[in-house]
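**Student:** So here's input_33.csv, just CSV, C-alpha atoms:
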```
chain,number,residue,atom,x,y,z
A,153,MET,CA,56.5,41.9,3.9
A,154,MET,CA,60.0,41.4,5.5
A,155,LYS,CA,60.7,45.0,4.7
A,156,ASP,CA,57.5,46.1,6.6
A,157,ILE,CA,58.5,44.1,9.7
A,158,GLN,CA,62.0,45.5,9.5
A,159,SER,CA,60.7,49.1,9.3
A,160,ILE,CA,58.4,48.5,12.3
A,161,LEU,CA,61.3,47.1,14.3
A,162,GLU,CA,63.6,49.9,13.2
A,163,ASN,CA,61.1,52.6,14.3
A,164,ALA,CA,60.7,50.9,17.7
A,165,TYR,CA,64.4,50.6,18.1
A,166,LYS,CA,65.0,54.2,17.3
A,167,ALA,CA,62.2,55.4,19.6
A,168,GLU,CA,63.0,53.2,22.6
A,169,PRO,CA,66.1,50.9,22.1
A,170,ASP,CA,66.2,49.6,25.7
A,171,LYS,CA,62.4,48.9,26.0
A,172,GLU,CA,61.8,45.2,26.5
A,173,ALA,CA,59.5,42.9,24.5
A,174,ILE,CA,58.5,39.3,25.1
A,175,PHE,CA,60.0,37.0,22.5
A,176,ASP,CA,59.0,33.3,22.0
A,177,GLY,CA,56.3,33.8,24.6
A,178,TYR,CA,58.6,33.9,27.6
A,179,ARG,CA,62.1,35.4,26.8
A,180,ARG,CA,62.6,39.2,27.3
A,181,ILE,CA,64.6,41.0,24.7
A,182,THR,CA,65.2,44.7,24.1
A,183,TYR,CA,64.2,46.4,20.9
A,184,ARG,CA,67.9,46.9,20.2
A,185,GLU,CA,68.6,43.1,20.4
A,186,LEU,CA,65.5,42.2,18.4
A,187,TYR,CA,66.4,44.7,15.7
A,188,SER,CA,70.0,43.4,15.6
A,189,ASP,CA,68.7,39.8,15.3
A,190,VAL,CA,66.4,40.7,12.5
A,191,GLU,CA,69.2,42.5,10.6
A,192,ASN,CA,71.4,39.5,11.0
A,193,LEU,CA,68.6,37.1,9.8
A,194,SER,CA,67.8,39.4,6.8
A,195,SER,CA,71.5,39.5,5.8
A,196,ALA,CA,71.8,35.7,6.1
A,197,LEU,CA,68.7,35.1,4.0
A,198,ALA,CA,70.0,37.5,1.3
A,199,HIS,CA,73.3,35.7,1.3
A,200,LEU,CA,71.6,32.4,0.9
A,201,ILE,CA,69.5,33.7,-2.0
A,202,LEU,CA,72.6,35.0,-3.8
A,203,GLN,CA,74.3,31.7,-3.2
A,204,LYS,CA,71.4,29.9,-4.7
A,205,GLU,CA,71.4,32.1,-7.8
A,206,ILE,CA,75.1,31.5,-8.3
A,207,GLU,CA,74.6,27.7,-8.3
```
Mind turning this structure into structure tokens?
**Tutor:**
Amino acid sequence: MMKDIQSILENAYKAEPDKEAIFDGYRRITYRELYSDVENLSSALAHLILQKEIE
């Protein structure tokens, strides 16, 4: 499911990177910023999963 969301955001980012979306019900964020935040979150979660597997 995360991959589906990531694909949707990537397509939106590529089509209109500076278009704004409403985030958290009130904060405006561009598709570029939203895509970057999701990429960072995805990377952090993957790192945590790998760390858990090592332990």
**Student:** Report, in Å to a single decimal, how far apart atom CA of A:Arg184 and atom CA of A:Tyr165 are.
**Tutor:** 5.5 Å
**Student:** In Å, rounded to a single decimal, give me how far atom CA of A:Ile157 is from atom CA of A:Arg179.
**Tutor:** 19.5 Å
**Student:** What would the list of residues within 12 Å of (61.4, 53.4, 15.5) (file frame) look like as a VMD selection string, if only C-alpha atoms are what count?
**Tutor:** chain A and resid 157 to 171 183 to 184 187
**Student:** Can you list, as number ranges by chain, every protein, DNA or RNA residue that comes within 12 Å of stretch 192-198 of chain A when you count all atoms listed in the file, leaving out same-chain residues fewer than 3 positions away?
**Tutor:** A: 153-155, 157-158, 185-189, 201-205
